[in-house]
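Here's coords-v8.txt, which has compact mmCIF, C-alpha atoms:
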```txt
# COMPACT_ATOMS: atom_id res chain seq x y z
CA MET K 1 -27.73 -7.74 -6.61
CA ASP K 2 -30.92 -9.74 -7.18
CA PRO K 3 -33.89 -8.01 -5.44
CA ALA K 4 -35.22 -11.40 -4.40
CA SER K 5 -32.00 -12.14 -2.56
CA THR K 6 -32.28 -8.94 -0.49
CA SER K 7 -35.91 -9.36 0.53
CA SER K 8 -34.98 -11.51 3.52
CA LEU K 9 -32.24 -9.16 4.75
CA ARG K 10 -32.62 -6.86 7.73
CA PRO K 11 -33.18 -3.14 6.90
CA ILE K 12 -29.57 -2.20 7.73
CA GLU K 13 -28.28 -5.04 5.55
CA ARG K 14 -30.42 -3.86 2.63
CA VAL K 15 -28.96 -0.36 3.03
CA LEU K 16 -25.38 -1.66 3.12
CA ALA K 17 -25.82 -4.21 0.32
CA PRO K 18 -25.06 -1.74 -2.53
CA LEU K 19 -21.92 -0.59 -0.68
CA ARG K 20 -20.74 -4.20 -0.40
CA VAL K 21 -21.32 -4.74 -4.12
CA PHE K 22 -19.37 -1.55 -4.93
CA SER K 23 -16.47 -2.36 -2.60
CA SER K 24 -16.09 -5.85 -4.06
CA HIS K 25 -15.70 -4.52 -7.60
CA LYS K 26 -12.10 -4.63 -8.84
CA LEU K 27 -12.26 -1.01 -10.07
CA ALA K 28 -13.81 0.43 -6.92
CA GLY K 29 -10.52 1.55 -5.34
CA ALA K 30 -9.19 3.22 -8.47
CA GLY K 31 -12.55 4.87 -9.10
CA LEU K 32 -12.75 6.29 -5.59
CA LEU K 33 -9.16 7.54 -5.81
CA LEU K 34 -9.88 9.32 -9.09
CA THR K 35 -13.11 10.78 -7.68
CA ALA K 36 -11.26 12.17 -4.65
CA ALA K 37 -8.67 13.77 -6.94
CA VAL K 38 -11.36 15.41 -9.09
CA ILE K 39 -13.18 16.70 -6.00
CA ALA K 40 -9.92 18.18 -4.67
CA LEU K 41 -9.18 19.89 -7.99
CA ILE K 42 -12.70 21.36 -8.22
CA TRP K 43 -12.67 22.41 -4.55
CA ALA K 44 -9.27 24.13 -4.80
CA ASN K 45 -10.45 26.14 -7.82
CA SER K 46 -13.88 27.00 -6.44
CA PRO K 47 -14.91 30.03 -4.37
CA TRP K 48 -14.18 27.84 -1.33
CA GLY K 49 -10.55 27.27 -2.36
CA GLU K 50 -9.23 29.25 0.60
CA LEU K 51 -11.19 26.97 2.95
CA TYR K 52 -9.46 23.99 1.31
CA LYS K 53 -6.02 25.50 2.04
CA HIS K 54 -7.05 26.56 5.52
CA LEU K 55 -8.21 23.07 6.46
CA LEU K 56 -4.95 21.49 5.26
CA HIS K 57 -2.88 23.97 7.26
CA THR K 58 -4.95 23.69 10.44
CA LYS K 59 -2.70 22.65 13.32
CA MET K 60 -3.47 19.49 15.25
CA GLY K 61 -1.38 17.90 17.95
CA ILE K 62 -0.99 15.80 21.06
CA THR K 63 0.40 17.15 24.32
CA VAL K 64 1.52 14.89 27.18
CA SER K 65 2.94 16.79 30.15
CA LYS K 66 5.61 19.05 28.59
CA ALA K 67 6.02 16.95 25.46
CA ALA K 68 4.05 18.10 22.42
CA LEU K 69 3.69 16.81 18.88
CA GLU K 70 1.94 19.28 16.59
CA LYS K 71 1.61 19.29 12.80
CA ASP K 72 -0.88 20.59 10.28
CA VAL K 73 -3.55 18.33 8.81
CA GLY K 74 -1.61 17.90 5.56
CA HIS K 75 1.41 16.58 7.41
CA TRP K 76 -0.67 14.23 9.55
CA ILE K 77 -2.09 12.76 6.35
CA SER K 78 1.32 12.38 4.69
CA ASP K 79 3.23 11.21 7.76
CA GLY K 80 0.45 9.36 9.56
CA LEU K 81 -2.23 7.99 7.24
CA MET K 82 0.29 7.25 4.49
CA GLY K 83 2.26 5.29 7.07
CA ILE K 84 -0.61 2.76 7.03
CA PHE K 85 -0.34 2.61 3.23
CA PHE K 86 3.40 1.98 3.35
CA PHE K 87 2.91 -0.62 6.06
CA LEU K 88 0.55 -2.49 3.74
CA VAL K 89 3.03 -2.10 0.89
CA GLY K 90 5.70 -3.61 3.13
CA LEU K 91 3.48 -6.58 3.97
CA GLU K 92 2.85 -7.18 0.26
CA ILE K 93 6.55 -6.93 -0.54
CA LYS K 94 7.48 -9.40 2.20
CA ARG K 95 4.82 -11.87 1.04
CA GLU K 96 5.99 -11.63 -2.57
CA LEU K 97 9.61 -12.11 -1.53
CA LEU K 98 8.80 -15.21 0.51
CA THR K 99 6.12 -17.00 -1.49
CA GLY K 100 5.12 -14.86 -4.47
CA GLU K 101 6.49 -13.65 -7.77
CA LEU K 102 9.71 -12.36 -6.21
CA SER K 103 10.48 -15.55 -4.31
CA SER K 104 13.09 -16.84 -6.74
CA LEU K 105 15.80 -15.08 -8.73
CA ARG K 106 14.43 -16.30 -12.06
CA LYS K 107 10.92 -15.08 -11.24
CA ALA K 108 12.04 -11.74 -9.87
CA LEU K 109 14.66 -10.79 -12.42
CA LEU K 110 12.44 -9.69 -15.33
CA PRO K 111 10.11 -7.38 -13.35
CA ALA K 112 13.05 -6.18 -11.22
CA VAL K 113 15.15 -5.20 -14.24
CA ALA K 114 12.12 -3.68 -15.98
CA ALA K 115 11.28 -1.68 -12.85
CA MET K 116 14.86 -0.39 -12.69
CA GLY K 117 14.54 0.82 -16.26
CA GLY K 118 11.19 2.36 -15.39
CA MET K 119 12.85 4.36 -12.62
CA ILE K 120 16.21 5.26 -14.16
CA VAL K 121 15.05 6.48 -17.59
CA PRO K 122 12.26 8.80 -16.31
CA ALA K 123 14.62 10.28 -13.71
CA LEU K 124 17.27 10.92 -16.40
CA LEU K 125 14.77 12.52 -18.78
CA TYR K 126 13.48 14.78 -16.00
CA HIS K 127 17.03 15.67 -14.98
CA ALA K 128 17.89 16.53 -18.58
CA LEU K 129 15.32 19.35 -18.43
CA ASN K 130 15.87 20.30 -14.78
CA SER K 131 19.55 19.84 -14.05
CA GLU K 132 19.56 23.27 -12.40
CA GLY K 133 17.08 25.68 -10.90
CA PRO K 134 14.05 25.25 -8.62
CA GLY K 135 12.98 21.98 -10.22
CA ALA K 136 16.28 20.12 -9.82
CA ASN K 137 15.09 18.26 -6.72
CA GLY K 138 12.00 16.79 -8.40
CA TRP K 139 13.68 14.01 -10.39
CA GLY K 140 12.06 11.36 -8.15
CA ILE K 141 8.51 12.39 -9.10
CA PRO K 142 8.21 10.47 -12.40
CA MET K 143 9.92 7.34 -11.05
CA SER K 144 7.00 5.68 -9.26
CA THR K 145 4.05 3.57 -10.39
CA ASP K 146 0.56 3.79 -8.87
CA ILE K 147 -0.34 0.11 -8.62
CA ALA K 148 -4.02 0.74 -7.80
CA PHE K 149 -4.59 2.80 -10.93
CA ALA K 150 -2.40 0.60 -13.14
CA LEU K 151 -4.09 -2.66 -12.15
CA GLY K 152 -7.49 -0.94 -12.30
CA VAL K 153 -6.93 0.11 -15.90
CA MET K 154 -5.67 -3.36 -16.79
CA ALA K 155 -8.77 -4.89 -15.18
CA LEU K 156 -10.90 -3.04 -17.74
CA LEU K 157 -9.51 -5.38 -20.38
CA GLY K 158 -10.79 -8.41 -18.49
CA ASP K 159 -9.80 -11.89 -19.71
CA ARG K 160 -8.05 -10.49 -22.78
CA VAL K 161 -5.01 -9.87 -20.56
CA PRO K 162 -2.81 -12.97 -20.05
CA LEU K 163 -2.26 -13.99 -16.43
CA GLY K 164 1.50 -13.69 -16.94
CA LEU K 165 1.11 -10.02 -17.90
CA LYS K 166 -0.92 -9.25 -14.76
CA VAL K 167 1.69 -10.97 -12.61
CA PHE K 168 4.46 -9.06 -14.42
CA LEU K 169 2.79 -5.68 -13.77
CA THR K 170 2.11 -6.52 -10.12
CA ALA K 171 5.69 -7.63 -9.48
CA LEU K 172 7.06 -4.63 -11.39
CA ALA K 173 4.96 -2.23 -9.29
CA ILE K 174 6.13 -3.87 -6.06
CA VAL K 175 9.80 -3.56 -7.04
CA ASP K 176 9.00 0.00 -8.07
CA ASP K 177 7.61 0.65 -4.57
CA ILE K 178 10.83 -0.69 -3.03
CA GLY K 179 12.81 1.71 -5.20
CA ALA K 180 10.55 4.63 -4.30
CA VAL K 181 10.96 4.01 -0.57
CA LEU K 182 14.76 3.82 -0.95
CA VAL K 183 14.75 7.08 -2.90
CA ILE K 184 12.64 8.75 -0.20
CA ALA K 185 14.87 7.42 2.58
CA VAL K 186 18.17 8.37 0.93
CA PHE K 187 17.47 11.49 -1.15
CA TYR K 188 14.39 13.13 0.41
CA THR K 189 15.42 13.04 4.04
CA ASP K 190 16.06 16.20 6.05
CA ASP K 191 19.01 16.72 8.39
CA LEU K 192 19.29 13.67 10.61
CA ASN K 193 18.74 13.67 14.35
CA SER K 194 21.08 10.82 15.23
CA LEU K 195 19.70 10.27 18.73
CA SER K 196 16.09 9.92 17.52
CA LEU K 197 17.23 7.62 14.71
CA LEU K 198 19.12 5.50 17.25
CA PHE K 199 15.98 5.20 19.36
CA GLY K 200 14.00 4.27 16.25
CA MET K 201 16.41 1.53 15.24
CA SER K 202 16.48 0.24 18.82
CA PHE K 203 12.70 -0.10 18.88
CA PHE K 204 12.85 -1.69 15.43
CA SER K 205 15.36 -4.23 16.77
CA LEU K 206 12.93 -4.95 19.61
CA SER K 207 10.28 -5.77 17.02
CA VAL K 208 12.69 -8.15 15.27
CA VAL K 209 13.31 -9.89 18.60
CA ALA K 210 9.53 -10.15 19.19
CA ASN K 211 9.25 -11.84 15.80
CA ARG K 212 11.99 -14.32 16.66
CA LEU K 213 10.27 -15.08 19.97
CA GLN K 214 7.11 -15.87 17.96
CA VAL K 215 5.06 -13.07 19.47
CA ARG K 216 1.86 -12.95 17.43
CA SER K 217 -0.19 -10.23 19.13
CA PRO K 218 -0.93 -7.28 16.78
CA VAL K 219 -1.15 -5.05 19.86
CA VAL K 220 2.51 -5.67 20.72
CA PHE K 221 3.67 -4.83 17.20
CA PHE K 222 1.35 -1.79 17.12
CA ILE K 223 2.89 -0.37 20.31
CA ILE K 224 6.45 -1.01 19.12
CA GLY K 225 5.59 0.30 15.64
CA THR K 226 4.19 3.52 17.10
CA LEU K 227 7.44 4.09 19.00
CA VAL K 228 9.46 3.43 15.83
CA TRP K 229 7.23 5.82 13.86
CA LEU K 230 7.54 8.59 16.46
CA SER K 231 11.32 8.19 16.59
CA PHE K 232 11.68 8.32 12.82
CA LEU K 233 9.32 11.32 12.70
CA GLU K 234 11.71 13.23 14.97
CA SER K 235 14.87 11.87 13.30
CA GLY K 236 14.44 13.55 9.90
CA VAL K 237 14.01 10.23 8.05
CA HIS K 238 10.51 10.19 6.59
CA ALA K 239 8.17 8.39 8.97
CA THR K 240 6.70 6.20 6.22
CA VAL K 241 10.06 4.40 6.00
CA ALA K 242 9.48 3.28 9.59
CA ALA K 243 6.12 1.80 8.56
CA LEU K 244 7.70 -0.21 5.77
CA LEU K 245 10.49 -1.47 8.03
CA MET K 246 7.97 -2.57 10.65
CA ALA K 247 6.08 -4.57 8.05
CA PHE K 248 9.15 -6.76 7.57
CA THR K 249 9.09 -7.74 11.26
CA ILE K 250 5.52 -9.11 11.16
CA PRO K 251 5.64 -12.93 11.55
CA THR K 252 4.84 -15.15 8.58
CA ARG K 253 5.02 -18.44 10.45
CA THR K 254 2.02 -20.41 11.68
CA THR K 255 1.89 -22.16 15.04
CA LEU K 256 -0.62 -24.74 13.85
CA LYS K 257 0.04 -26.74 10.69
CA PHE K 258 -2.87 -26.96 8.26
CA PRO K 259 -3.22 -30.79 8.32
CA LEU K 260 -3.42 -30.71 12.13
CA PHE K 261 -5.97 -27.88 11.92
CA VAL K 262 -8.15 -29.99 9.59
CA SER K 263 -7.81 -33.01 11.89
CA LYS K 264 -8.79 -31.01 14.99
CA LEU K 265 -11.72 -29.44 13.16
CA ARG K 266 -13.04 -32.80 11.98
CA SER K 267 -12.83 -34.30 15.46
CA ARG K 268 -14.77 -31.37 16.97
CA LEU K 269 -17.39 -31.46 14.22
CA ASP K 270 -17.90 -35.15 14.91
CA LEU K 271 -18.66 -34.32 18.55
CA VAL K 272 -21.50 -31.97 17.59
CA ALA K 273 -22.94 -34.17 14.85
CA PRO K 274 -26.74 -34.60 15.31
CA GLU K 275 -26.43 -38.31 16.08
CA ASN K 276 -23.93 -37.57 18.87
CA ILE K 277 -25.76 -34.75 20.65
CA GLN K 278 -29.41 -35.78 20.26
CA GLU K 279 -29.52 -37.19 23.79
CA LEU K 280 -28.05 -34.03 25.34
CA SER K 281 -30.21 -31.29 26.79
CA ALA K 282 -30.62 -28.03 24.90
CA LYS K 283 -28.34 -26.29 27.41
CA GLU K 284 -25.63 -28.92 27.00
CA GLN K 285 -25.89 -28.73 23.20
CA ALA K 286 -25.55 -24.93 23.30
CA GLY K 287 -22.51 -25.20 25.59
CA LEU K 288 -20.85 -27.76 23.32
CA LYS K 289 -21.46 -25.65 20.21
CA GLY K 290 -20.12 -22.55 21.97
CA LEU K 291 -16.97 -24.47 22.92
CA LEU K 292 -16.56 -25.55 19.31
CA VAL K 293 -16.81 -21.95 18.06
CA ASP K 294 -14.25 -20.79 20.66
CA ASP K 295 -11.85 -23.55 19.64
CA ILE K 296 -12.23 -22.71 15.94
CA GLU K 297 -11.44 -19.03 16.62
CA VAL K 298 -8.24 -20.00 18.43
CA TRP K 299 -7.23 -22.48 15.71
CA LEU K 300 -7.90 -19.99 12.91
CA GLU K 301 -5.60 -17.49 14.58
CA LYS K 302 -2.86 -20.11 14.90
CA VAL K 303 -3.20 -21.52 11.37
CA GLN K 304 -3.09 -18.09 9.70
CA PRO K 305 0.18 -16.10 9.58
CA PRO K 306 -0.15 -12.69 11.28
CA LEU K 307 1.14 -11.07 8.10
CA ARG K 308 -1.70 -12.54 6.04
CA ARG K 309 -4.33 -11.47 8.60
CA LEU K 310 -3.04 -7.92 8.84
CA GLU K 311 -2.83 -7.60 5.07
CA HIS K 312 -6.43 -8.78 4.77
CA TYR K 313 -7.65 -6.32 7.42
CA LEU K 314 -5.79 -3.31 5.98
CA VAL K 315 -6.65 -3.61 2.28
CA GLY K 316 -10.13 -2.16 2.76
CA PRO K 317 -9.20 0.84 4.97
CA VAL K 318 -6.21 1.72 2.77
CA THR K 319 -8.16 1.41 -0.49
CA PHE K 320 -11.33 3.19 0.61
CA LEU K 321 -10.01 5.67 3.21
CA VAL K 322 -6.26 6.30 3.30
CA LEU K 323 -5.58 6.75 -0.44
CA PRO K 324 -8.74 8.78 -1.22
CA VAL K 325 -8.02 11.10 1.74
CA PHE K 326 -4.43 11.49 0.54
CA ALA K 327 -5.66 12.32 -2.97
CA LEU K 328 -8.19 14.78 -1.57
CA ALA K 329 -5.43 16.53 0.40
CA ASN K 330 -2.83 16.64 -2.37
CA ALA K 331 -4.55 16.84 -5.76
CA GLY K 332 -6.04 20.28 -5.13
CA VAL K 333 -3.78 22.38 -7.35
CA ALA K 334 -5.06 25.94 -7.65
CA LEU K 335 -4.82 26.43 -11.40
CA GLY K 336 -5.30 30.18 -11.11
CA SER K 337 -2.10 30.46 -9.08
CA LEU K 338 0.01 28.76 -11.74
CA PRO K 339 2.07 30.94 -14.09
CA SER K 340 0.51 31.56 -17.50
CA GLY K 341 3.24 29.47 -19.13
CA ALA K 342 2.95 26.56 -16.70
CA ILE K 343 2.44 24.00 -19.43
CA GLN K 344 5.83 25.01 -20.83
CA ASP K 345 7.41 24.97 -17.37
CA ARG K 346 10.40 22.66 -17.17
CA ILE K 347 9.12 20.90 -14.06
CA THR K 348 5.82 20.12 -15.76
CA LEU K 349 7.48 18.99 -18.96
CA GLY K 350 10.03 16.92 -17.04
CA VAL K 351 7.29 15.02 -15.18
CA ILE K 352 5.24 14.50 -18.36
CA LEU K 353 8.30 13.37 -20.33
CA GLY K 354 9.36 11.02 -17.54
CA LEU K 355 5.97 9.36 -17.05
CA VAL K 356 4.66 9.33 -20.63
CA VAL K 357 7.90 8.58 -22.49
CA GLY K 358 10.46 7.48 -19.90
CA LYS K 359 8.34 4.84 -18.16
CA PRO K 360 7.31 2.78 -21.23
CA LEU K 361 10.74 3.23 -22.81
CA GLY K 362 12.65 2.22 -19.68
CA VAL K 363 10.42 -0.76 -18.82
CA THR K 364 10.40 -2.16 -22.38
CA VAL K 365 14.08 -1.66 -23.20
CA PHE K 366 15.38 -3.02 -19.91
CA ALA K 367 13.01 -6.02 -20.07
CA TRP K 368 14.15 -6.69 -23.65
CA LEU K 369 17.80 -6.58 -22.58
CA ALA K 370 17.12 -8.99 -19.69
CA VAL K 371 15.53 -11.50 -22.10
CA LYS K 372 18.16 -11.06 -24.83
CA LEU K 373 20.96 -11.56 -22.31
CA LYS K 374 19.14 -14.73 -21.16
CA LEU K 375 18.84 -13.41 -17.61
CA ALA K 376 15.07 -13.93 -17.63
CA ASP K 377 12.22 -15.28 -19.74
CA LEU K 378 9.21 -13.48 -21.16
CA PRO K 379 6.02 -14.78 -19.48
CA ALA K 380 3.93 -17.29 -21.43
CA GLN K 381 1.53 -15.78 -24.01
CA VAL K 382 2.97 -12.30 -23.44
CA THR K 383 4.17 -10.24 -26.44
CA TRP K 384 6.53 -7.28 -26.56
CA VAL K 385 3.66 -5.01 -27.56
CA GLN K 386 1.93 -6.01 -24.31
CA VAL K 387 5.12 -5.31 -22.36
CA LEU K 388 5.13 -1.82 -23.91
CA GLY K 389 1.51 -1.49 -22.79
CA VAL K 390 2.54 -2.40 -19.25
CA GLY K 391 5.22 0.28 -19.49
CA CYS K 392 2.54 2.81 -20.38
CA LEU K 393 0.42 1.71 -17.40
CA ALA K 394 3.50 2.05 -15.19
CA GLY K 395 3.48 5.71 -16.18
CA VAL K 396 0.36 6.20 -14.08
CA GLY K 397 2.24 7.62 -11.11
CA PHE K 398 -0.56 9.46 -9.35
CA THR K 399 -0.31 8.62 -5.63
CA MET K 400 3.45 8.15 -5.33
CA ALA K 401 4.21 11.00 -7.76
CA LEU K 402 2.19 13.38 -5.59
CA PHE K 403 3.84 12.02 -2.46
CA VAL K 404 7.39 12.44 -3.77
CA GLY K 405 6.45 15.83 -5.23
CA GLN K 406 5.31 16.91 -1.81
CA LEU K 407 8.70 15.92 -0.35
CA ALA K 408 10.70 17.43 -3.22
CA PHE K 409 8.95 20.78 -3.01
CA ALA K 410 8.08 20.89 0.67
CA SER K 411 8.05 24.68 0.70
CA ASN K 412 5.31 24.72 -1.92
CA ILE K 413 2.94 22.03 -0.65
CA ASN K 414 -0.35 22.02 -2.57
CA ASN K 415 1.17 24.32 -5.17
CA VAL K 416 3.47 21.85 -6.87
CA GLU K 417 3.25 22.37 -10.60
CA LEU K 418 2.57 18.81 -11.77
```
Starting from the file, lay out its structure as structure tokens.
Amino acid sequence: MDPASTSSLRPIERVLAPLRVFSSHKLAGAGLLLTAAVIALIWANSPWGELYKHLLHTKMGITVSKAALEKDVGHWISDGLMGIFFFLVGLEIKRELLTGELSSLRKALLPAVAAMGGMIVPALLYHALNSEGPGANGWGIPMSTDIAFALGVMALLGDRVPLGLKVFLTALAIVDDIGAVLVIAVFYTDDLNSLSLLFGMSFFSLSVVANRLQVRSPVVFFIIGTLVWLSFLESGVHATVAALLMAFTIPTRTTLKFPLFVSKLRSRLDLVAPENIQELSAKEQAGLKGLLVDDIEVWLEKVQPPLRRLEHYLVGPVTFLVLPVFALANAGVALGSLPSGAIQDRITLGVILGLVVGKPLGVTVFAWLAVKLKLADLPAQVTWVQVLGVGCLAGVGFTMALFVGQLAFASNINNVEL
């Protein structure tokens, strides 16, 4: 930032200015996520490693009358904070399905087929090495793509990357997220508590009704969403699935059409034009301007879909708080506790083989088949070498790989041999 431009800022603004510059950078989220992972790894292998484990296993809970909900810090992060992440993922998926790159069959088919290949092939390669034994349940680990890291790495290439390739990777990662959530819901769910699940689905249905009645208050959806989350938490279905389901009930309709918004705004601006208010007293001018600001706030809320507003509000907290905290809590593998032959361990090799070989192979081959069978078209200015490169980026499975690994090896949390 230009020093001259900060000279007129208040002291607090000058302090926060570097943070704003950092947060606006396209690599900031990926950089912070990687930093949190490195800190966790160093911490877990330092003399304070036991403190790291102790903090994650510290019990925290809420007690109301005779009802109590108590979990350790690690579970609150995975079931609670990550619920916010999955809620944001659900908002992004819904937007892409309605107006984005997944809004038509022709647009969605290439990244959807490529994503399927990027999930199926890694899972099969992992299973080939771990069809039996303690690692058999970990086949879902190499299936998922970390969109923050993948897009961050692609951003390093700048304008050399065609727009069509960026769109392809984004859509592929979103379809990949859908697949990951389905895998979690179907294959990594404990014994079901049918009554709690029934309550959860009932509250979810209430949220659908609120959508149809054009309820737009975030508070209403937050209250209903909390009830859905609590019900799913007790049902055995992973609570993050509830967050994604709730995202699909957030309204996308506006109650004020954009042309009418522009017309109303112009008419109000005309009222406060200098030539129209010069004869008014200072008090009357201030009152008129305050009324204009109030009206604009109401109109902005009506002209913007609730889904778009929530997505905008959540991107920052998820990028700069939720994901780094998750990485800090889950990347701390105590290397000294691993067996001496860990690098030859079948679980480790299965994950490496799935992400490094299976992802690029599955994405490229399935995309090639979709184009050859004339089911989809390759994006403009995109080559097959670039598609292979996208497949390699899809192999960056950090956040979701850790998350699924945590579910697959729940008895060995923070000691998963990845």
Please identify every residue of region 238-345 of chain K that has at least one atom no farther than 9 Å from an atom of region 84-93 of chain K, counting all atoms listed in the file, and for each give the shortest atom pair and the distance in Å to one decimal, arranged by chain then increasing number, as CSV.
```
residue,atom,partner,partner_atom,distance
K:Thr240,CA,K:Phe86,CA,6.1
K:Val241,CA,K:Phe86,CA,7.6
K:Ala242,CA,K:Phe87,CA,8.4
K:Ala243,CA,K:Phe87,CA,4.7
K:Leu244,CA,K:Gly90,CA,4.7
K:Leu245,CA,K:Gly90,CA,7.2
K:Met246,CA,K:Phe87,CA,7.1
K:Ala247,CA,K:Gly90,CA,5.0
K:Phe248,CA,K:Gly90,CA,6.4
K:Ile250,CA,K:Leu91,CA,7.9
K:Leu307,CA,K:Leu91,CA,6.5
K:Arg308,CA,K:Leu91,CA,8.2
K:Leu310,CA,K:Leu91,CA,8.2
K:Glu311,CA,K:Leu88,CA,6.3
K:Leu314,CA,K:Leu88,CA,6.8
K:Val315,CA,K:Leu88,CA,7.4
K:Val318,CA,K:Phe85,CA,6.0
K:Thr319,CA,K:Phe85,CA,8.7
K:Val322,CA,K:Phe85,CA,7.0
K:Leu323,CA,K:Phe85,CA,7.6
```
Exercise for the section: Work out how far apart CA of Gly61 (chain K) and CA of Ala408 (chain K) are and give it in Å to one decimal. Expected result: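 Interatomic distance, CA of Gly61 (chain K) to CA of Ala408 (chain K): 24.4 Å.
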Practice task
Would you kindly return, as an MDAnalysis selection string, each protein, DNA or RNA residue with an atom no farther than 12 Å from any atom of region 257-265 of chain K, considering only C-alpha atoms and excluding same-chain residues fewer than 4 positions away?
Solution key: chainID K and resid 253 269:272 292:305
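Across K:Gly236, K:Gly397, K:Pro218, K:Pro251, the tightest approach to Thr189 (chain K) is made by K:Gly236 when counting all atoms listed in the file.
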Problem - Who sits within 12 Å of Val385 (chain K), all atoms listed in the file, same chain under 6 positions skipped, as a VMD selection string - result: chain K and resid 165 360 to 361 363 to 365 368 378 391 to 392
Handout entry: Distance query region 104-118 of chain K at most 9 Å, only C-alpha atoms, self and fewer than 5 positions along chain excluded, as a PyMOL selection string
Key = chain K and resi 97-99+123+143-145+168-176+179+355+358-371+375-378+391+394-395
Any chance you could export the current selection's C-alpha atoms as a short mmCIF file (atom, residue, chain, number, x, y, z; two decimals), keeping the file's coordinate frame?
```cif
data_model
loop_
_atom_site.label_atom_id
_atom_site.label_comp_id
_atom_site.auth_asym_id
_atom_site.auth_seq_id
_atom_site.Cartn_x
_atom_site.Cartn_y
_atom_site.Cartn_z
CA LEU K 97 9.61 -12.11 -1.53
CA LEU K 98 8.80 -15.21 0.51
CA THR K 99 6.12 -17.00 -1.49
CA ALA K 123 14.62 10.28 -13.71
CA MET K 143 9.92 7.34 -11.05
CA SER K 144 7.00 5.68 -9.26
CA THR K 145 4.05 3.57 -10.39
CA PHE K 168 4.46 -9.06 -14.42
CA LEU K 169 2.79 -5.68 -13.77
CA THR K 170 2.11 -6.52 -10.12
CA ALA K 171 5.69 -7.63 -9.48
CA LEU K 172 7.06 -4.63 -11.39
CA ALA K 173 4.96 -2.23 -9.29
CA ILE K 174 6.13 -3.87 -6.06
CA VAL K 175 9.80 -3.56 -7.04
CA ASP K 176 9.00 0.00 -8.07
CA GLY K 179 12.81 1.71 -5.20
CA LEU K 355 5.97 9.36 -17.05
CA GLY K 358 10.46 7.48 -19.90
CA LYS K 359 8.34 4.84 -18.16
CA PRO K 360 7.31 2.78 -21.23
CA LEU K 361 10.74 3.23 -22.81
CA GLY K 362 12.65 2.22 -19.68
CA VAL K 363 10.42 -0.76 -18.82
CA THR K 364 10.40 -2.16 -22.38
CA VAL K 365 14.08 -1.66 -23.20
CA PHE K 366 15.38 -3.02 -19.91
CA ALA K 367 13.01 -6.02 -20.07
CA TRP K 368 14.15 -6.69 -23.65
CA LEU K 369 17.80 -6.58 -22.58
CA ALA K 370 17.12 -8.99 -19.69
CA VAL K 371 15.53 -11.50 -22.10
CA LEU K 375 18.84 -13.41 -17.61
CA ALA K 376 15.07 -13.93 -17.63
CA ASP K 377 12.22 -15.28 -19.74
CA LEU K 378 9.21 -13.48 -21.16
CA GLY K 391 5.22 0.28 -19.49
CA ALA K 394 3.50 2.05 -15.19
CA GLY K 395 3.48 5.71 -16.18
#
```
Handout entry: Among the residues K:Ala30, K:Ala210, K:Phe326, K:Gly332, the one that comes closest to Trp76 (chain K) [using only C-alpha atoms]
Key =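 Among K:Ala30, K:Ala210, K:Phe326, K:Gly332, it is K:Phe326 that comes nearest to Trp76 (chain K).
With CA of Val183 (chain K) on one side and CA of Gly83 (chain K) on the other, the separation reads 16.1 Å.
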Exercise for the section: Take CA of Leu353 (chain K) and CA of Lys53 (chain K) and report the distance between them in Å, one decimal. Expected result: 29.2 Å
Handout entry: Selected residue, from K:Gly389, K:Pro122, K:Pro324, K:Pro306, that lies nearest to Gly140 (chain K) when counting all atoms listed in the file
Key =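 Once distances to Gly140 (chain K) are computed over all atoms listed in the file, the minimum belongs to K:Pro122.
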Problem - Test item: residues at most 10 Å from Leu55 (chain K), all atoms listed in the file, excluding those fewer than 5 positions along its chain, as a PyMOL selection string - result: chain K and resi 50+72-74+329
Practice task
Go through K:Ile224, K:Leu51, K:Leu280, K:Ala180 one by one, measure the shortest atom-to-atom distance of each to Ser205 (chain K) using all atoms listed in the file, and give the residue with the smallest value.
Solution key: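 Selected residue with least distance to Ser205 (chain K): K:Ile224.
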